[in-house]
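Down below is the structure, laid out as structure tokens.
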Amino acid sequence: MQKMIENPTLTKLISTCDLISSGHPKIYQLKTETKKFGSLSKVTFGTKDTKQNNKTILLVGETGSGKSSLVNVIFNHVMGVQFEDGVWFQIVDRQEGETPDVIIYEICSCEGKILPYSITIIDTPGYGSTKGIKQDDIVTGRMRELFETENGFHIVHAVGLVMKATDNRLSDRLMYIFDSVMSLFGNDMEKNIVALMTHSNGRTPKNALQALEVANLRCAKNENNQPVYFLFNNQQNEDRTDEAEYFTRADRISEKGMREFTAFVEKVSPQKLKITTEVMNERIRLTACIQNLLDRIRLTEQKETEIKQIQEGLKMHEEEMGKEVTILVDEPYVTKEGIKGGQKWLIFYQGAVTCPVCKENCHKDGCTKTWFPEFCEVMRGGHCTVCSKKCPASVHVKQTWIYKNTTRRVEKKIPKRKHDCENKTKFEDQTLYLENLEKEKQQLLEEKSKLVDEAYQHVIRLEEIALKVDSVSINVHLDFLIEKTKEKGDTSKVQKLEELKRKVDEGTKAALRYKRVSQV
């Protein structure tokens, strides 16, 4: 038989909730206020007091690790719910992994709270879902929106890496999850990152801790230089009619974990997300720079083919001194190609940012910032960091098309070869024509060389500011960048890139293997 609730705060709270299960415990769904800002949803419980201190907790991790359930655990702890009360409150109104959106839970100042501050919990979409690697890229984009938009967050007290304590194994997939999460943050976040172990039986989670060690996870460490972690059991909402002793023990695990975790949150110094935002943007700039570099290489090869065809054609007609020569060539030209995109969540627009001056793609893979190119991640200080002339953001456009370098078969009419009879000096308009083509090719080679240098600088900047520089997002570009830097003959830069390649740890190697397999 359930004990009568003696806490008047809980009695009052129950009167405002919807009963969704009359078992043991009784489960109540909280009534909250929800507002949506693009892909961000804000769920507020209680009345916000701007004078009260607030602590912000960001939950990240694998799909199905228990992030959403942990939000409910935190709420019940904050409200002082005891095991003996026989009740459980749900602030999360969805199943685990049901939505790819970021959901912000504000637990505001209200009567009966056991903490001297309000709490904001940010529940992020999980990595490693069945939808694959592309879905994980969307998750990263949502995180970036969270940190950059007006209604998002710019300060965080704790980042909780949520993972299962009992059944985690050292798999490539798990290493990929760690890599994806850690590569998001700036190096100033290290002391704010902790492991939140769910589904715990109370014992030391040896498998999970070993996984963190192999992944070389940079996080808060205890006096023994071991990762700081807290244990939770996600079974408080299950029926306790049978096996009461087991559920009592499970509750004690979570209660102890919550006391220790909230104590950590209270004393840790908050971190601004400025460097973390810069890390995310630098990774986008690096990818965009590499993509533009590939376009420049393709265009240069097309121009070289055209010049070779003209040279061979002129050689065939070299006896025709006074005639205009017509030659069939594959002429490079730039066209526009449609891509998927359009209006997204009223205030966002998914499309490509391009430069009409350079006729280049500056951010062609899923830019989801506002309608205006100046807010794109590849812009810095009012100018583009990608296009050849580093044009002002104001000349760029954002549309559902990209520039594409292609060729067309055309007839080229080459000027006549002439002689200066008075000075007996031969000069050739054809030679001048070829010289101009060569100059155009040299300009393309110079642009390619600049892009190689710029990509290198993005890598170096990430090494300076990222929590995890030797991540999958860097390593997918390193071999290509090393090859192109060798072509330039820049020995010192090649050595630096090769040094970064050698630093790749076992966790990143496993993550790379998982990504390759997942993309097959």
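If you're wondering about the labels, chains in the structure tokens are A, B, ... by order shown, residues count from 1 in each chain, ligands from 1 in order shown.
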Surrounding residues of segment 437-451 of chain A excluding itself and chain neighbours under 3 positions, 10 Å, only C-alpha atoms, as an NGL selection string: :A and (286 or 289-297 or 299-304 or 306-307 or 310 or 385-389 or 431-434 or 454-457 or 484-485 or 487-488)
Identify, on the basis of only C-alpha atoms, every residue whose closest approach to segment 30-43 of chain A does not exceed 10 Å; exclude the query and any residue fewer than 5 positions from it along the same chain; express the result as number ranges by chain. A: 13-14, 16-19, 89-93, 100-107, 120-124, 141-143, 145-146, 149-152, 344-348
Selected residues written out with N, CA and C atoms, as a compact mmCIF listing (two decimals), in the first residue's frame:
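Resulting contents of out_1.txt:
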```txt
# COMPACT_ATOMS: atom_id res chain seq x y z
N LEU A 13 1.58 20.12 -6.49
CA LEU A 13 2.05 19.86 -7.86
C LEU A 13 1.16 18.83 -8.55
N ILE A 14 0.80 17.78 -7.82
CA ILE A 14 -0.05 16.72 -8.38
C ILE A 14 -1.37 17.28 -8.87
N THR A 16 -1.99 19.88 -10.31
CA THR A 16 -1.87 20.60 -11.59
C THR A 16 -1.43 19.70 -12.74
N CYS A 17 -1.22 18.40 -12.44
CA CYS A 17 -0.69 17.47 -13.46
C CYS A 17 -1.77 16.52 -13.97
N ASP A 18 -1.43 15.83 -15.04
CA ASP A 18 -2.29 14.79 -15.60
C ASP A 18 -1.76 13.43 -15.18
N LEU A 19 -2.63 12.61 -14.56
CA LEU A 19 -2.24 11.25 -14.18
C LEU A 19 -2.21 10.38 -15.43
N PHE A 89 7.26 12.22 -11.69
CA PHE A 89 6.81 13.28 -12.59
C PHE A 89 7.62 13.24 -13.88
N GLN A 90 6.92 13.47 -14.97
CA GLN A 90 7.58 13.52 -16.28
C GLN A 90 7.46 14.93 -16.85
N ILE A 91 8.62 15.53 -17.11
CA ILE A 91 8.63 16.82 -17.81
C ILE A 91 8.84 16.60 -19.30
N VAL A 92 9.44 15.43 -19.63
CA VAL A 92 9.67 15.07 -21.03
C VAL A 92 8.39 14.46 -21.59
N ASP A 93 7.89 15.05 -22.65
CA ASP A 93 6.63 14.58 -23.23
C ASP A 93 6.88 13.87 -24.54
N PRO A 100 14.51 14.86 -33.67
CA PRO A 100 15.89 15.29 -33.87
C PRO A 100 16.13 16.71 -33.36
N ASP A 101 15.12 17.33 -32.77
CA ASP A 101 15.25 18.71 -32.32
C ASP A 101 15.96 18.81 -30.98
N VAL A 102 16.57 19.98 -30.75
CA VAL A 102 17.11 20.32 -29.44
C VAL A 102 15.96 20.81 -28.57
N ILE A 103 15.84 20.27 -27.35
CA ILE A 103 14.78 20.69 -26.44
C ILE A 103 15.41 21.25 -25.17
N ILE A 104 15.01 22.46 -24.82
CA ILE A 104 15.53 23.16 -23.65
C ILE A 104 14.47 23.10 -22.55
N TYR A 105 14.83 22.52 -21.42
CA TYR A 105 13.91 22.41 -20.28
C TYR A 105 14.33 23.41 -19.21
N GLU A 106 13.46 24.36 -18.93
CA GLU A 106 13.71 25.34 -17.89
C GLU A 106 12.93 24.96 -16.63
N ILE A 107 13.64 24.60 -15.58
CA ILE A 107 13.01 24.30 -14.29
C ILE A 107 13.23 25.53 -13.42
N THR A 120 18.52 24.79 -16.06
CA THR A 120 18.15 24.63 -17.46
C THR A 120 18.86 23.40 -18.00
N ILE A 121 18.09 22.47 -18.53
CA ILE A 121 18.66 21.24 -19.09
C ILE A 121 18.44 21.25 -20.60
N ILE A 122 19.51 21.06 -21.35
CA ILE A 122 19.42 21.05 -22.81
C ILE A 122 19.57 19.61 -23.28
N ASP A 123 18.49 19.06 -23.80
CA ASP A 123 18.47 17.68 -24.29
C ASP A 123 18.71 17.70 -25.79
N THR A 124 19.83 17.16 -26.22
CA THR A 124 20.20 17.22 -27.64
C THR A 124 19.90 15.90 -28.34
N GLY A 141 24.63 20.41 -36.71
CA GLY A 141 24.06 21.69 -37.13
C GLY A 141 23.09 22.25 -36.10
N ARG A 142 22.29 21.38 -35.50
CA ARG A 142 21.33 21.83 -34.48
C ARG A 142 22.07 22.37 -33.25
N MET A 143 23.17 21.71 -32.90
CA MET A 143 23.97 22.18 -31.77
C MET A 143 24.53 23.57 -32.05
N GLU A 145 23.25 25.85 -34.00
CA GLU A 145 22.15 26.80 -33.88
C GLU A 145 21.88 27.14 -32.43
N LEU A 146 21.96 26.13 -31.57
CA LEU A 146 21.72 26.32 -30.14
C LEU A 146 22.68 27.35 -29.56
N THR A 149 22.14 31.19 -32.02
CA THR A 149 20.93 31.98 -32.21
C THR A 149 20.61 32.80 -30.96
N GLU A 150 19.81 33.82 -31.16
CA GLU A 150 19.44 34.74 -30.09
C GLU A 150 18.75 34.02 -28.94
N ASN A 151 17.92 33.02 -29.26
CA ASN A 151 17.17 32.29 -28.24
C ASN A 151 17.91 31.05 -27.74
N GLY A 152 19.17 30.91 -28.18
CA GLY A 152 19.96 29.77 -27.75
C GLY A 152 20.71 30.06 -26.46
N LYS A 344 12.94 26.89 -44.27
CA LYS A 344 13.02 25.88 -43.22
C LYS A 344 12.70 26.54 -41.90
N TRP A 345 11.65 26.08 -41.24
CA TRP A 345 11.22 26.58 -39.92
C TRP A 345 10.97 28.09 -39.92
N LEU A 346 10.47 28.63 -40.98
CA LEU A 346 10.10 30.04 -41.11
C LEU A 346 11.30 30.98 -41.10
N ILE A 347 12.22 30.82 -40.12
CA ILE A 347 13.31 31.78 -40.02
C ILE A 347 14.61 31.27 -40.63
N PHE A 348 14.69 29.99 -40.95
CA PHE A 348 15.90 29.44 -41.53
C PHE A 348 15.69 29.11 -43.01
```
Excluding same-chain residues fewer than 5 positions from Asn7 of chain A, what lies within 10 Å of it counting only C-alpha atoms, as a ChimeraX atom specification? /A:12,80-82,85,112
Could you write out that same residue set with N, CA and C atoms as a compact mmCIF listing (two decimals), in the first residue's frame?
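Result file out01.txt:
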```
# COMPACT_ATOMS: atom_id res chain seq x y z
N LYS A 12 0.44 19.77 -3.98
CA LYS A 12 0.02 20.90 -4.81
C LYS A 12 0.39 20.67 -6.28
N GLY A 80 12.45 17.41 -4.95
CA GLY A 80 12.48 16.74 -3.66
C GLY A 80 11.64 15.48 -3.59
N VAL A 81 11.37 14.84 -4.73
CA VAL A 81 10.58 13.60 -4.73
C VAL A 81 11.38 12.48 -4.08
N GLN A 82 10.77 11.81 -3.09
CA GLN A 82 11.39 10.69 -2.40
C GLN A 82 10.79 9.37 -2.88
N ASP A 85 7.45 8.42 -1.53
CA ASP A 85 6.27 9.19 -1.96
C ASP A 85 5.42 8.40 -2.95
N GLY A 112 9.38 24.60 -2.87
CA GLY A 112 9.70 23.21 -2.61
C GLY A 112 10.99 22.72 -3.22
```
Mind checking which residues fall within 8 Å of Gly61 of chain A, counting only C-alpha atoms, ignoring those fewer than 2 positions away in the same chain, and posting them as number ranges by chain? A: 59, 63, 65, 67, 126-127, 161-163, 177-178, 181
Which neighbours of Leu196 of chain A fall inside 9 Å, counting only C-alpha atoms, when residues of the same chain fewer than 5 positions from it are skipped, and could you give them as an NGL selection string? :A and (59 or 160-165 or 228-232 or 257 or 261)
Selection to disk with C-alpha atoms, as a PDB file, in the first residue's frame:
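Saved result, out20.pdb, follows:
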```
ATOM      1  CA  LEU A  59      23.284  16.545 -22.292  1.00  0.00           C
ATOM      2  CA  GLY A 160      27.072  15.596 -19.451  1.00  0.00           C
ATOM      3  CA  LEU A 161      28.241  12.835 -21.787  1.00  0.00           C
ATOM      4  CA  VAL A 162      25.410  10.336 -21.253  1.00  0.00           C
ATOM      5  CA  MET A 163      26.335   6.690 -21.700  1.00  0.00           C
ATOM      6  CA  LYS A 164      25.180   3.304 -20.418  1.00  0.00           C
ATOM      7  CA  ALA A 165      27.185   2.004 -17.467  1.00  0.00           C
ATOM      8  CA  VAL A 228      34.726  12.349 -13.221  1.00  0.00           C
ATOM      9  CA  TYR A 229      31.536  10.300 -13.534  1.00  0.00           C
ATOM     10  CA  PHE A 230      28.169   9.964 -11.820  1.00  0.00           C
ATOM     11  CA  LEU A 231      25.929   6.888 -11.659  1.00  0.00           C
ATOM     12  CA  PHE A 232      22.182   6.785 -12.336  1.00  0.00           C
ATOM     13  CA  GLY A 257      24.395  10.336  -8.366  1.00  0.00           C
ATOM     14  CA  PHE A 261      26.309  15.786  -9.811  1.00  0.00           C
TER      15      PHE A 261
END
```
Strand (DSSP E) positions in segment 50-239 of chain A, given as a ChimeraX atom specification: /A:54-61,87-90,102-107,118-123,155-156,158-164,193-198,229-231
So which one's closest to Gly338 of chain A, A:Lys404, A:Lys274, A:Arg218, A:His396? Using only C-alpha atoms, please. A:Lys404
Could you give me the residues within segment 191-306 of chain A that DSSP places in alpha helix (DSSP H), as a PyMOL selection string? chain A and resi 206-214+244-267+274-306
Using only C-alpha atoms for the distances, tell me which of A:Asp453, A:Glu483, A:Glu360, A:Glu331 is nearest to Val410 of chain A. A:Glu331
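Between atom CA of Thr287 of chain A and atom CA of Cys362 of chain A lies a distance of 10.1 Å.
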Could you name the residues that touch Thr166 of chain A at 8 Å or less, counting only C-alpha atoms, but leaving out those on the same chain fewer than 2 positions away, as a list in words?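 Residues near the query, excluding close chain neighbours: Lys164, Asn168, His199, Ser200, Asn201, Pro205, Asn207 and Ala208 of chain A.
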Please list as a list in words every residue within 10 Å of Glu278 of chain A, counting only C-alpha atoms and excluding residues in the same chain fewer than 6 positions away.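 Surrounding residues, per the criterion: Arg144, Leu184, Phe185, Gly186, Ile284, Glu377, Arg461, Leu462, Ile465 and Ala466 of chain A.
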Restricted to C-alpha atoms, what would the selected residues look like written as a short mmCIF file (atom, residue, chain, number, x, y, z; two decimals), in the first residue's frame?
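New file selection_36.cif:
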```cif
data_model
loop_
_atom_site.label_atom_id
_atom_site.label_comp_id
_atom_site.auth_asym_id
_atom_site.auth_seq_id
_atom_site.Cartn_x
_atom_site.Cartn_y
_atom_site.Cartn_z
CA ARG A 144 25.53 25.07 -33.65
CA LEU A 184 32.24 19.92 -31.03
CA PHE A 185 33.84 21.77 -28.15
CA GLY A 186 36.57 24.30 -27.53
CA ILE A 284 32.78 24.16 -41.67
CA GLU A 377 29.66 30.31 -41.06
CA ARG A 461 43.60 27.15 -35.88
CA LEU A 462 41.63 24.05 -34.88
CA ILE A 465 41.27 25.94 -30.00
CA ALA A 466 39.58 22.52 -30.35
#
```
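Minimum distance to Gln235 of chain A across A:Leu481, A:Leu10, A:Leu217, A:Val73 (counting only C-alpha atoms) occurs at A:Val73.
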d(atom CA of Met182 of chain A, atom CA of Val279 of chain A) in Å: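 Atom CA of Val279 of chain A lies 11.0 Å from atom CA of Met182 of chain A.
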A:Ala195, A:Met189, A:Val357, A:Val334: which is nearest Pro392 of chain A, counting only C-alpha atoms?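 The closest residue to Pro392 of chain A is A:Val357.
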